[in-house]
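Visitor: Structure file start05.cif (mmCIF, C-alpha atoms) is given on the next line.
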```cif
data_final
loop_
_atom_site.label_atom_id
_atom_site.label_comp_id
_atom_site.auth_asym_id
_atom_site.auth_seq_id
_atom_site.Cartn_x
_atom_site.Cartn_y
_atom_site.Cartn_z
CA MET A 757 0.00 0.00 0.00
CA LEU A 758 1.17 3.51 -0.78
CA PRO A 759 0.60 6.40 1.65
CA SER A 760 -1.72 8.19 -0.78
CA GLU A 761 -4.10 5.21 -0.72
CA LEU A 762 -5.11 6.00 2.87
CA VAL A 763 -7.12 8.97 1.58
CA LYS A 764 -9.34 6.50 -0.29
CA TYR A 765 -10.12 4.83 3.02
CA LYS A 766 -11.50 8.11 4.31
CA GLU A 767 -13.45 8.75 1.12
CA LYS A 768 -15.11 5.33 1.51
CA SER A 769 -15.57 5.76 5.29
CA GLN A 770 -13.42 2.66 5.73
CA LYS A 771 -11.76 2.53 9.14
CA ILE A 772 -7.95 2.46 9.15
CA ILE A 773 -6.37 0.09 11.69
CA ALA A 774 -2.72 0.57 12.64
CA LEU A 775 -0.45 -1.26 15.05
CA THR A 776 3.13 -0.71 16.12
CA ALA A 777 5.85 -3.31 15.63
CA TRP A 778 9.47 -3.49 16.71
CA ASP A 779 10.91 -6.80 15.43
CA SER A 780 10.19 -9.59 12.96
CA ILE A 781 7.83 -11.43 15.33
CA SER A 782 5.66 -8.39 16.09
CA GLY A 783 5.75 -7.42 12.41
CA SER A 784 4.63 -10.90 11.40
CA ILE A 785 1.79 -10.88 13.95
CA ALA A 786 0.57 -7.47 12.79
CA GLU A 787 0.64 -8.51 9.13
CA GLN A 788 -1.13 -11.82 9.77
CA ALA A 789 -3.81 -9.98 11.78
CA ASN A 790 -4.56 -8.03 8.56
CA VAL A 791 -3.66 -4.60 9.88
CA ASP A 792 -3.69 -1.76 7.33
CA LEU A 793 -0.67 0.13 8.58
CA VAL A 794 2.37 -0.87 10.64
CA LEU A 795 4.04 1.96 12.50
CA VAL A 796 7.59 1.28 13.56
CA GLY A 797 7.21 3.78 16.36
CA ASP A 798 9.85 5.22 18.62
CA SER A 799 7.83 3.60 21.43
CA LEU A 800 10.16 0.66 20.74
CA ALA A 801 12.60 2.53 22.98
CA MET A 802 10.48 1.52 25.98
CA VAL A 803 8.77 -1.63 24.61
CA CYS A 804 11.91 -3.30 23.28
CA LEU A 805 15.04 -1.53 24.48
CA GLY A 806 14.20 -0.77 28.12
CA TYR A 807 14.47 3.03 28.02
CA LYS A 808 12.19 5.24 30.12
CA SER A 809 11.30 7.54 27.20
CA THR A 810 11.62 7.77 23.42
CA LEU A 811 14.43 10.33 23.54
CA PRO A 812 17.50 8.01 23.58
CA LEU A 813 16.46 6.29 20.34
CA THR A 814 18.83 6.84 17.40
CA LEU A 815 18.41 6.87 13.65
CA GLU A 816 20.42 3.65 13.48
CA ASN A 817 17.98 2.04 15.96
CA MET A 818 15.01 3.01 13.78
CA ILE A 819 16.59 1.68 10.58
CA TYR A 820 17.63 -1.57 12.28
CA HIS A 821 14.19 -2.22 13.77
CA THR A 822 12.25 -1.16 10.67
CA ASN A 823 14.19 -3.73 8.67
CA ALA A 824 13.58 -6.35 11.36
CA VAL A 825 9.83 -5.66 11.23
CA THR A 826 9.55 -6.04 7.46
CA ARG A 827 11.62 -9.24 7.50
CA GLY A 828 8.68 -10.71 9.39
CA PHE A 829 6.25 -10.04 6.52
CA LYS A 830 5.24 -13.09 4.48
CA LYS A 831 2.57 -11.76 2.11
CA LYS A 832 3.18 -10.56 -1.43
CA VAL A 833 4.55 -7.02 -1.51
CA GLU A 834 1.32 -5.55 -2.87
CA GLU A 835 -0.64 -7.19 -0.03
CA GLN A 836 1.63 -6.06 2.78
CA PRO A 837 0.56 -3.28 5.15
CA LEU A 838 1.87 0.24 4.71
CA VAL A 839 5.01 0.70 6.82
CA VAL A 840 5.69 4.08 8.42
CA SER A 841 8.83 4.73 10.45
CA ASP A 842 9.12 7.33 13.18
CA MET A 843 11.83 9.95 12.86
CA PRO A 844 13.56 9.86 16.26
CA PHE A 845 14.39 12.82 18.47
CA LEU A 846 16.92 15.29 16.98
CA THR A 847 16.73 13.91 13.44
CA TYR A 848 14.27 16.57 12.26
CA GLN A 849 14.62 19.30 14.90
CA CYS A 850 18.08 20.13 13.54
CA GLY A 851 17.20 21.91 10.30
CA GLU A 852 15.87 21.02 6.89
CA ASP A 853 19.08 19.70 5.33
CA LYS A 854 19.79 17.24 8.13
CA ALA A 855 16.14 16.18 8.27
CA VAL A 856 16.15 15.36 4.55
CA GLU A 857 19.40 13.44 4.96
CA TYR A 858 18.09 11.41 7.91
CA ALA A 859 14.62 10.77 6.49
CA GLY A 860 16.24 9.82 3.20
CA LYS A 861 18.37 7.22 4.98
CA ILE A 862 15.23 5.64 6.45
CA ILE A 863 13.52 5.49 3.05
CA GLN A 864 16.68 4.32 1.24
CA SER A 865 17.72 1.72 3.79
CA THR A 866 14.34 0.16 4.69
CA TYR A 867 11.00 -0.81 3.18
CA ALA A 868 9.22 2.04 4.96
CA LYS A 869 7.20 4.14 2.53
CA ALA A 870 6.82 7.16 4.80
CA VAL A 871 8.11 8.78 7.97
CA LYS A 872 6.23 10.23 10.92
CA VAL A 873 7.16 13.60 12.36
CA GLU A 874 5.89 15.01 15.66
CA GLY A 875 4.71 18.59 16.08
CA ALA A 876 3.79 21.52 13.87
CA GLU A 877 5.92 24.39 15.12
CA PRO A 878 7.13 26.82 12.42
CA GLU A 879 10.52 25.10 12.22
CA ILE A 880 8.89 21.67 11.92
CA GLN A 881 6.53 22.98 9.23
CA LYS A 882 9.53 23.94 7.11
CA VAL A 883 11.03 20.48 7.59
CA ILE A 884 7.79 18.71 6.67
CA SER A 885 7.33 20.87 3.58
CA ARG A 886 10.90 20.17 2.46
CA LEU A 887 10.62 16.42 3.04
CA ILE A 888 7.43 16.19 0.99
CA ARG A 889 8.90 18.29 -1.82
CA MET A 890 11.89 15.94 -1.86
CA GLY A 891 9.57 12.97 -2.41
CA ILE A 892 9.34 11.63 1.16
CA PRO A 893 5.73 11.13 2.36
CA VAL A 894 5.08 12.44 5.87
CA MET A 895 2.55 11.44 8.49
CA GLY A 896 1.93 14.28 10.95
CA HIS A 897 1.48 13.88 14.71
CA ILE A 898 -0.10 16.47 17.00
CA GLY A 899 -1.75 16.64 20.41
CA LEU A 900 0.39 14.74 22.89
CA THR A 901 3.86 14.49 21.34
CA PRO A 902 6.03 12.18 23.48
CA GLN A 903 9.32 13.58 22.19
CA SER A 904 8.33 16.93 23.79
CA TYR A 905 7.45 15.45 27.18
CA LEU A 906 10.24 17.36 28.98
CA ASN A 907 8.37 20.58 28.15
CA LEU A 908 4.76 19.39 27.86
CA GLY A 909 4.66 16.31 30.07
CA LEU A 910 2.59 13.27 29.09
CA LYS A 911 -0.76 14.78 30.03
CA LYS A 912 -3.82 15.10 27.83
CA GLN A 913 -3.65 18.01 25.39
CA GLY A 914 -6.45 20.27 24.13
CA GLU A 915 -8.04 20.84 27.52
CA SER A 916 -8.13 24.65 27.26
CA LEU A 917 -9.77 26.71 24.53
CA ASP A 918 -6.41 28.16 23.46
CA SER A 919 -4.90 24.68 23.22
CA GLN A 920 -7.88 23.43 21.20
CA GLU A 921 -7.57 26.27 18.71
CA LYS A 922 -3.84 25.66 18.42
CA ILE A 923 -4.33 21.95 17.64
CA LYS A 924 -7.02 22.74 15.05
CA ARG A 925 -4.72 25.26 13.36
CA GLU A 926 -1.87 22.75 13.35
CA ALA A 927 -4.05 20.06 11.76
CA SER A 928 -5.10 22.43 8.98
CA ILE A 929 -1.50 23.51 8.39
CA LEU A 930 -0.24 19.92 8.19
CA GLU A 931 -2.89 19.08 5.60
CA LYS A 932 -1.94 22.14 3.53
CA LEU A 933 1.74 21.19 3.73
CA GLY A 934 0.91 17.84 2.13
CA CYS A 935 0.86 15.29 5.01
CA PHE A 936 -1.02 12.19 3.88
CA SER A 937 -2.49 11.60 7.36
CA ILE A 938 -2.26 12.94 10.91
CA VAL A 939 -2.00 11.12 14.23
CA LEU A 940 -4.09 12.78 16.95
CA GLU A 941 -2.84 11.65 20.35
CA HIS A 942 -4.57 12.03 23.72
CA ILE A 943 -6.95 14.89 22.94
CA PRO A 944 -10.68 15.27 23.74
CA ASP A 945 -13.15 13.29 21.64
CA PHE A 946 -15.07 16.37 20.49
CA LEU A 947 -11.88 18.06 19.30
CA ALA A 948 -10.80 15.00 17.31
CA ARG A 949 -14.27 14.82 15.76
CA GLU A 950 -14.14 18.46 14.67
CA ILE A 951 -10.69 18.03 13.14
CA GLN A 952 -11.75 14.82 11.38
CA LYS A 953 -14.73 16.60 9.80
CA ASN A 954 -12.65 19.54 8.59
CA LEU A 955 -9.84 17.57 6.93
CA LYS A 956 -9.75 15.66 3.66
CA ILE A 957 -6.81 13.55 4.81
CA PRO A 958 -7.32 10.77 7.39
CA THR A 959 -6.93 11.32 11.11
CA ILE A 960 -5.60 8.37 13.09
CA GLY A 961 -6.34 8.52 16.78
CA ILE A 962 -4.63 7.18 19.86
CA GLY A 963 -6.49 8.20 22.96
CA ALA A 964 -8.59 10.61 20.89
CA GLY A 965 -11.96 8.84 20.91
CA ASN A 966 -13.70 6.90 18.17
CA HIS A 967 -14.42 9.69 15.70
CA CYS A 968 -11.07 9.56 13.90
CA ASP A 969 -10.75 7.88 10.52
CA GLY A 970 -8.54 5.21 12.07
CA GLN A 971 -6.92 4.00 15.24
CA VAL A 972 -3.31 3.19 16.08
CA ARG A 973 -2.25 1.27 19.16
CA VAL A 974 1.06 0.23 20.65
CA THR A 975 0.81 -3.54 20.20
CA ALA A 976 2.57 -4.24 23.49
CA ASP A 977 -0.07 -2.16 25.30
CA LEU A 978 -2.92 -4.03 23.63
CA LEU A 979 -1.38 -7.38 24.51
CA GLY A 980 -0.76 -6.38 28.14
CA LEU A 981 3.01 -6.75 27.87
CA ASN A 982 3.86 -3.50 29.65
CA ASP A 983 3.82 -2.87 33.40
CA ASN A 984 2.36 0.62 32.97
CA GLN A 985 -0.58 1.00 30.60
CA PRO A 986 -1.58 4.38 29.12
CA PRO A 987 -5.01 5.51 30.34
CA PHE A 988 -6.50 5.30 26.85
CA CYS A 989 -5.46 1.71 26.05
CA GLN A 990 -6.83 -1.16 28.07
CA PRO A 991 -5.17 -4.51 27.26
CA ILE A 992 -7.23 -7.11 25.43
CA ILE A 993 -5.31 -9.86 27.29
CA GLN A 994 -2.94 -9.84 30.27
CA GLY A 995 -0.10 -11.04 28.10
CA LYS A 996 2.82 -10.52 30.45
CA LYS A 997 1.10 -12.36 33.30
CA LEU A 998 -0.06 -15.13 30.98
CA PHE A 999 3.41 -15.75 29.54
CA LYS A 1000 5.10 -15.43 32.92
CA ASP A 1001 2.71 -17.90 34.58
CA LYS A 1002 2.99 -20.42 31.74
CA LEU A 1003 6.79 -20.21 31.67
CA LYS A 1004 6.95 -20.59 35.45
CA GLU A 1005 4.67 -23.62 35.19
CA TRP A 1006 6.95 -25.14 32.55
CA ILE A 1007 10.11 -24.41 34.57
CA ASP A 1008 8.61 -25.97 37.69
CA LEU A 1009 7.69 -29.12 35.72
CA GLU A 1010 11.15 -29.31 34.16
CA ARG A 1011 12.75 -29.17 37.61
CA ILE A 1012 10.66 -32.12 38.75
CA ASN A 1013 11.31 -34.32 35.69
#
```
Let's see the structure in the file written out as structure tokens.
Guide:
Amino acid sequence: MLPSELVKYKEKSQKIIALTAWDSISGSIAEQANVDLVLVGDSLAMVCLGYKSTLPLTLENMIYHTNAVTRGFKKKVEEQPLVVSDMPFLTYQCGEDKAVEYAGKIIQSTYAKAVKVEGAEPEIQKVISRLIRMGIPVMGHIGLTPQSYLNLGLKKQGESLDSQEKIKREASILEKLGCFSIVLEHIPDFLAREIQKNLKIPTIGIGAGNHCDGQVRVTADLLGLNDNQPPFCQPIIQGKKLFKDKLKEWIDLERIN
């Protein structure tokens, strides 16, 4: 799937389902579950690498893990989900030239067909515009932006009128710049609904209610593999407890035999 095809989903009112992946096993599971979009998100810093935030993740990490994810795909290329790779901290906040270089390395070195960039500040707008003009599709990301947590925290965004207006302006700007879709993270339902109605490109929500054109979830959160769950994602199974209990049961039996 190409990034531009997501717009057709919105036109047909077809829900977009996205999951994160971080290695060949999680990539294979996501593909076999028939997900539309696989996001190799910088959440892999916590899910896979044991960091406390996304900030330590490097460009090399993202390239390595994006390739690992797509090695897990088994379907024909035309049937595989769209792969989008996050641009990690300080790969696009450092000016247009560097951003093009780093995003270009992701596209050149992996099977990702687009990159995701957080924020819509004036400097980021210039970067996004340049990337798109250079032929690199960009998924926007506004609302709660985890790479900015040192300034903004990890709290819900869009609670005040000023914040709501800012997020609406940013969504409109990102569409005009040429983003093929926008992630709306941890904002009020009514705000996500208003943005979704006003945009021609798809909105993909995470903790933004059910009115977006699609949903993205951190797979490890859905499967209950993390100790700390975000407030907007309840696990569908208690995966960590299940695996731990079953492994302990097996170990205890092995010790007896």
Visitor: Would you mind listing what lies within 10 Å of Pro878 of chain A as a list of chain:residue names, with all atoms listed in the file counted and same-chain residues fewer than 5 positions away left out?
Guide: A:Val883, A:Ile884, A:Glu926
Visitor: Would you mind listing what lies within 8 Å of Glu931 of chain A as a PDB file with C-alpha atoms, in the frame of the given file, with all atoms listed in the file counted and same-chain residues fewer than 3 positions away left out?
Guide:
```pdb
ATOM      1  CA  ALA A 927      -4.050  20.060  11.760  1.00  0.00           C
ATOM      2  CA  SER A 928      -5.100  22.430   8.980  1.00  0.00           C
ATOM      3  CA  GLY A 934       0.910  17.840   2.130  1.00  0.00           C
ATOM      4  CA  CYS A 935       0.860  15.290   5.010  1.00  0.00           C
ATOM      5  CA  PHE A 936      -1.020  12.190   3.880  1.00  0.00           C
ATOM      6  CA  SER A 937      -2.490  11.600   7.360  1.00  0.00           C
ATOM      7  CA  LEU A 955      -9.840  17.570   6.930  1.00  0.00           C
ATOM      8  CA  LYS A 956      -9.750  15.660   3.660  1.00  0.00           C
ATOM      9  CA  ILE A 957      -6.810  13.550   4.810  1.00  0.00           C
TER      10      ILE A 957
END
```
Visitor: Give as a PyMOL selection string the residues that the PyMOL selection byres ((chain A and resi 923) around 12) matches when applied to the coordinates above.
Guide: chain A and resi 875-877+896-901+913-922+924-930+938-944+947-948+950-951
Visitor: Got a sec: who's within 10 Å of Ile992 of chain A, counting all atoms listed in the file, leaving out chain neighbours fewer than 5 positions off, as a list in words?
Guide: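 These residues fall inside the cut-off: Asp977, Leu978, Leu979 and Gly980 of chain A.
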Visitor: Taking (14.9, -2.9, 13.1) in the file's coordinates as the center, which residues reach within 12 Å of it, counting all atoms listed in the file, put as an NGL selection string?
Guide: :A and (777-783 or 795-798 or 800-801 or 804-805 or 813-828 or 841-842 or 862 or 865-868)
Visitor: If you measure from atom CA of Pro902 of chain A to atom CA of Phe845 of chain A, what distance in Å do you get, rounded to one decimal?
Guide: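 Taking atom CA of Pro902 of chain A and atom CA of Phe845 of chain A, their separation equals 9.8 Å.
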Visitor: So how many Å separate atom CA of Arg1011 of chain A and atom CA of Lys996 of chain A, to one decimal?
Guide: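 Pair atom CA of Arg1011 of chain A / atom CA of Lys996 of chain A returns 22.3 Å.
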Visitor: Neighbours of segment 764-771 of chain A within 12 Å (only C-alpha atoms; same-chain residues fewer than 6 positions away dropped), as a list of chain:residue names?
Guide: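 The residues that qualify are A:Met757, A:Leu758, A:Val791, A:Asp792, A:Leu793, A:Phe936, A:Ser937, A:Gln952, A:Lys953, A:Leu955, A:Lys956, A:Ile957, A:Pro958, A:Thr959, A:Ile960, A:Gly961, A:Asn966, A:His967, A:Cys968, A:Asp969, A:Gly970, A:Gln971, A:Val972.
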Visitor: Those same residues - C-alpha atoms - I'd like them written as a CSV table (one decimal), in the frame of the given file.
Guide:
```csv
chain,number,residue,atom,x,y,z
A,757,MET,CA,0.0,0.0,0.0
A,758,LEU,CA,1.2,3.5,-0.8
A,791,VAL,CA,-3.7,-4.6,9.9
A,792,ASP,CA,-3.7,-1.8,7.3
A,793,LEU,CA,-0.7,0.1,8.6
A,936,PHE,CA,-1.0,12.2,3.9
A,937,SER,CA,-2.5,11.6,7.4
A,952,GLN,CA,-11.8,14.8,11.4
A,953,LYS,CA,-14.7,16.6,9.8
A,955,LEU,CA,-9.8,17.6,6.9
A,956,LYS,CA,-9.8,15.7,3.7
A,957,ILE,CA,-6.8,13.6,4.8
A,958,PRO,CA,-7.3,10.8,7.4
A,959,THR,CA,-6.9,11.3,11.1
A,960,ILE,CA,-5.6,8.4,13.1
A,961,GLY,CA,-6.3,8.5,16.8
A,966,ASN,CA,-13.7,6.9,18.2
A,967,HIS,CA,-14.4,9.7,15.7
A,968,CYS,CA,-11.1,9.6,13.9
A,969,ASP,CA,-10.8,7.9,10.5
A,970,GLY,CA,-8.5,5.2,12.1
A,971,GLN,CA,-6.9,4.0,15.2
A,972,VAL,CA,-3.3,3.2,16.1
```
Visitor: From the set A:Val974, A:Ile993, A:Leu838, A:Leu910, which residue has the shortest atom-to-atom contact distance to Ser760 of chain A, counting only C-alpha atoms?
Guide: A:Leu838
Visitor: Kindly provide the residues of segment 873-903 of chain A that approach segment 851-858 of chain A to within 12 Å, each paired with its closest atom pair and their distance in Å to one decimal, based on only C-alpha atoms, listed by chain and increasing number, as CSV.
Guide:
```
residue,atom,partner,partner_atom,distance
A:Val873,CA,A:Ala855,CA,10.2
A:Pro878,CA,A:Gly851,CA,11.4
A:Glu879,CA,A:Gly851,CA,7.6
A:Ile880,CA,A:Gly851,CA,8.5
A:Gln881,CA,A:Glu852,CA,9.8
A:Lys882,CA,A:Glu852,CA,7.0
A:Val883,CA,A:Glu852,CA,4.9
A:Ile884,CA,A:Glu852,CA,8.4
A:Ser885,CA,A:Glu852,CA,9.2
A:Arg886,CA,A:Glu852,CA,6.7
A:Leu887,CA,A:Val856,CA,5.8
A:Ile888,CA,A:Val856,CA,9.5
A:Arg889,CA,A:Val856,CA,10.1
A:Met890,CA,A:Val856,CA,7.7
A:Gly891,CA,A:Val856,CA,9.9
A:Ile892,CA,A:Val856,CA,8.5
A:Pro893,CA,A:Val856,CA,11.5
A:Val894,CA,A:Val856,CA,11.5
```
Visitor: One number please: atom CA of Ala774 of chain A to atom CA of Leu762 of chain A, in Å, one decimal.
Guide: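 About the pair atom CA of Ala774 of chain A and atom CA of Leu762 of chain A: they are 11.4 Å apart.
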Visitor: Considering all atoms listed in the file, state which residue in the set A:Thr975, A:Ser809, A:Gln864, A:Ser904 is at the smallest distance from Ala789 of chain A.
Guide: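 Smallest separation from Ala789 of chain A among the options: A:Thr975.
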Visitor: Find the smallest box with edges along x, y and z containing every listed atom of segment 855-870 of chain A, then add 6 Å on each side and report centre and edge lengths in Å to one decimal, as JSON.
Guide:
```
{"center_x": 13.1, "center_y": 7.7, "center_z": 4.8, "size_x": 24.6, "size_y": 29.0, "size_z": 19.0}
```
Visitor: Export N, CA and C atoms of segment 775-788 of chain A from the structure just given, as an mmCIF file, in the first residue's frame?
Guide:
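This is the output file part36.cif:
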```cif
data_model
loop_
_atom_site.group_PDB
_atom_site.id
_atom_site.type_symbol
_atom_site.label_atom_id
_atom_site.label_comp_id
_atom_site.auth_asym_id
_atom_site.auth_seq_id
_atom_site.Cartn_x
_atom_site.Cartn_y
_atom_site.Cartn_z
ATOM 1 N N LEU A 775 -1.132 -0.743 13.871
ATOM 2 C CA LEU A 775 -0.453 -1.264 15.053
ATOM 3 C C LEU A 775 1.031 -0.948 14.957
ATOM 4 N N THR A 776 1.679 -0.871 16.107
ATOM 5 C CA THR A 776 3.132 -0.710 16.115
ATOM 6 C C THR A 776 3.794 -2.081 16.062
ATOM 7 N N ALA A 777 5.036 -2.092 15.614
ATOM 8 C CA ALA A 777 5.846 -3.307 15.632
ATOM 9 C C ALA A 777 7.292 -2.907 15.857
ATOM 10 N N TRP A 778 8.095 -3.838 16.357
ATOM 11 C CA TRP A 778 9.470 -3.487 16.711
ATOM 12 C C TRP A 778 10.479 -4.565 16.322
ATOM 13 N N ASP A 779 9.998 -5.745 15.885
ATOM 14 C CA ASP A 779 10.907 -6.804 15.431
ATOM 15 C C ASP A 779 10.162 -7.699 14.444
ATOM 16 N N SER A 780 10.813 -8.756 13.990
ATOM 17 C CA SER A 780 10.188 -9.587 12.962
ATOM 18 C C SER A 780 8.967 -10.333 13.496
ATOM 19 N N ILE A 781 8.971 -10.713 14.766
ATOM 20 C CA ILE A 781 7.829 -11.432 15.330
ATOM 21 C C ILE A 781 6.616 -10.518 15.413
ATOM 22 N N SER A 782 6.798 -9.313 15.974
ATOM 23 C CA SER A 782 5.661 -8.386 16.086
ATOM 24 C C SER A 782 5.196 -7.926 14.709
ATOM 25 N N GLY A 783 6.128 -7.775 13.771
ATOM 26 C CA GLY A 783 5.749 -7.417 12.407
ATOM 27 C C GLY A 783 4.926 -8.513 11.753
ATOM 28 N N SER A 784 5.349 -9.766 11.959
ATOM 29 C CA SER A 784 4.629 -10.898 11.400
ATOM 30 C C SER A 784 3.225 -11.007 11.985
ATOM 31 N N ILE A 785 3.105 -10.810 13.291
ATOM 32 C CA ILE A 785 1.793 -10.880 13.949
ATOM 33 C C ILE A 785 0.870 -9.799 13.411
ATOM 34 N N ALA A 786 1.390 -8.582 13.288
ATOM 35 C CA ALA A 786 0.569 -7.473 12.788
ATOM 36 C C ALA A 786 0.100 -7.742 11.361
ATOM 37 N N GLU A 787 1.017 -8.228 10.521
ATOM 38 C CA GLU A 787 0.643 -8.506 9.133
ATOM 39 C C GLU A 787 -0.405 -9.616 9.060
ATOM 40 N N GLN A 788 -0.205 -10.692 9.814
ATOM 41 C CA GLN A 788 -1.131 -11.820 9.769
ATOM 42 C C GLN A 788 -2.491 -11.466 10.365
#
```
